Amino acid sequence: MQELHEFISETGLANLDWRNLMLMLVGLGFIWLAVSKKNEPYVLLPIGLGIILANLPLTGLGDYGNSNELQSSGIFGLIFHFALSQWNILPPIIFLGLGALTDFGPIIANPKTLLLGAAAQVGIFVAFWASLATGRFDLLEAASIGIIGGADGPTTIFTSARLAPELLGITAVTAYSYMASVVFIQPPLMRLLTTKKERSIVMRPMRSVSKREKIIFPMAAMVIIILFVPESAALIGMFMIGNLFKESGVVPRLFNSVSNEILNVATIFLMLTVGTQLTAERIFDLDTLAILGLGLGAFAIGSMSGIIFAKIMNIFLKDKVNPLIGAAGVSAVPMAARIAHIEGQKEDSSNFLLPHAMGPNVAGVIGSAVVAGVFISVLG
């Protein structure tokens, strides 16, 4: 009987508490959104599965021992430590694949959309100062929280790993959660800040962009940005290299590898590992709840500032910009651009905003990586 009691006490069932169950429900919610709503499935499905795994007691999957106890570490603990916290290699690899999937044509054809991408980064700085104002976070932690406002998961991970590794798990989950929640967060803000007439603005068709322009742009952007912000090199460099693999047209095998196999493998391990960091011990404290609130505020303000800046631009422009595309300046690619397009079509079914919205959307990716580089340069 004693042996039976000891066996039962060492099972996961005996060590399961209500906090684990709550987070497992969160994981199931992520899975439901991915499967039933097709909402960012490549992000939410593996994160949801990771959350469930992390909250099954006694598995040790997310544990990491010191260098003398690696055999007691879990697979996701090892990935988190070596691929994210210590070596920080997965975010640049993700950027390599994203670059290969990116089209800079909308930015080249309409350069003023770069300004919308820059305007949407306001949320980062608002969250940074708000984090400091709470008195709960230092400068490095505030920078890691602020970067959530860029709505760019890999950039958030890259920044947190360099500045505040202790916050890496929660900032990563927060960033990806809000990226996947664009469909719920942005439409009410769009309707609040724009009129029916503004949402119905039909933008002039973009000019065609030559292959030469598409090759020159990423090379020039890479050199200029890295010269000014060297700490952004890992993200910006990989992003532009991936894009050049695509646009050059001469390395189809490299393009196919970085946009498929390499990106897919990196996504699997990154998302599962991020999910396993969302454990009951980490979530149920005031600092974590504060980060969740600050991240939501940063994302909302970033979306709003892009819309407002587009409205200001229209005061001076002859060819008006539909303010909805300003919200795409947050770098939740491509969901934010799709939402701008969908909201525009609700007012005018013939209005095709997607290519216009991709300009600020891609500019937001570049902008958040640059801001991350500035934070690391100044604070790191």
# chains A, B, ... in the order shown; residues from 1 in each chain; ligands from 1

$ residues_around --residues "Phe269 (chain A)" --least-positions-apart "5" --cutoff "12 Å" --atoms "only C-alpha atoms" --output "VMD selection string"
chain A and resid 42 to 43 46 to 47 49 to 50 75 to 80 83 to 84 89 to 91 93 to 94 262 to 264 274 to 276

$ residues_around --residues "Ser248 (chain A)" --least-positions-apart "4" --cutoff "12 Å" --atoms "only C-alpha atoms" --output "VMD selection string"
chain A and resid 100 210 to 219 240 to 244 252 254 to 255

$ write_last_selection --atoms "C-alpha atoms" --output "CSV table (one decimal), in the first residue's frame"
chain,number,residue,atom,x,y,z
A,100,ALA,CA,12.6,35.0,-49.2
A,210,SER,CA,11.6,46.2,-62.5
A,211,LYS,CA,13.8,43.3,-61.5
A,212,ARG,CA,16.8,45.6,-61.3
A,213,GLU,CA,15.0,47.8,-58.7
A,214,LYS,CA,14.1,44.7,-56.7
A,215,ILE,CA,17.7,43.6,-56.6
A,216,ILE,CA,19.2,47.0,-55.8
A,217,PHE,CA,16.7,47.9,-53.1
A,218,PRO,CA,17.5,45.1,-50.6
A,219,MET,CA,21.3,45.4,-51.1
A,240,MET,CA,17.7,41.0,-47.1
A,241,ILE,CA,19.8,38.0,-48.0
A,242,GLY,CA,16.7,35.8,-48.2
A,243,ASN,CA,15.0,38.4,-50.4
A,244,LEU,CA,18.0,38.5,-52.7
A,252,PRO,CA,16.3,28.6,-57.0
A,254,LEU,CA,18.7,28.2,-52.1
A,255,PHE,CA,15.5,30.1,-52.4

$ residues_around --residues "Gly48 (chain A)" --least-positions-apart "4" --cutoff "6 Å" --atoms "only C-alpha atoms" --output "list in words"
Gly27, Phe30, Ile31 and Leu44 of chain A

$ write_last_selection --atoms "C-alpha atoms" --output "CSV table (one decimal), in the first residue's frame"
chain,number,residue,atom,x,y,z
A,27,GLY,CA,-3.4,26.2,-25.1
A,30,PHE,CA,-4.9,28.6,-29.3
A,31,ILE,CA,-5.4,25.3,-31.0
A,44,LEU,CA,-0.9,29.2,-32.8

$ closest_residue --among "A:Val251, A:Ala175, A:Ile226, A:Val374" --to "Ala332 (chain A)" --atoms "only C-alpha atoms"
A:Ala175

$ closest_residue --among "A:Val365, A:Leu28, A:Met203, A:Ile157" --to "Gly344 (chain A)" --atoms "only C-alpha atoms"
A:Met203

$ residues_around --residues "Arg199 (chain A)" --least-positions-apart "3" --cutoff "9 Å" --atoms "only C-alpha atoms" --output "PyMOL selection string"
chain A and resi 190-191+194-196+202+322-324+343-348

$ closest_residue --among "A:Leu294, A:Ile52, A:Met335, A:Phe352" --to "Leu132 (chain A)" --atoms "only C-alpha atoms"
A:Leu294

$ atom_distance --atom1 "CA of Leu96 (chain A)" --atom2 "CA of Ser259 (chain A)"
8.0 Å
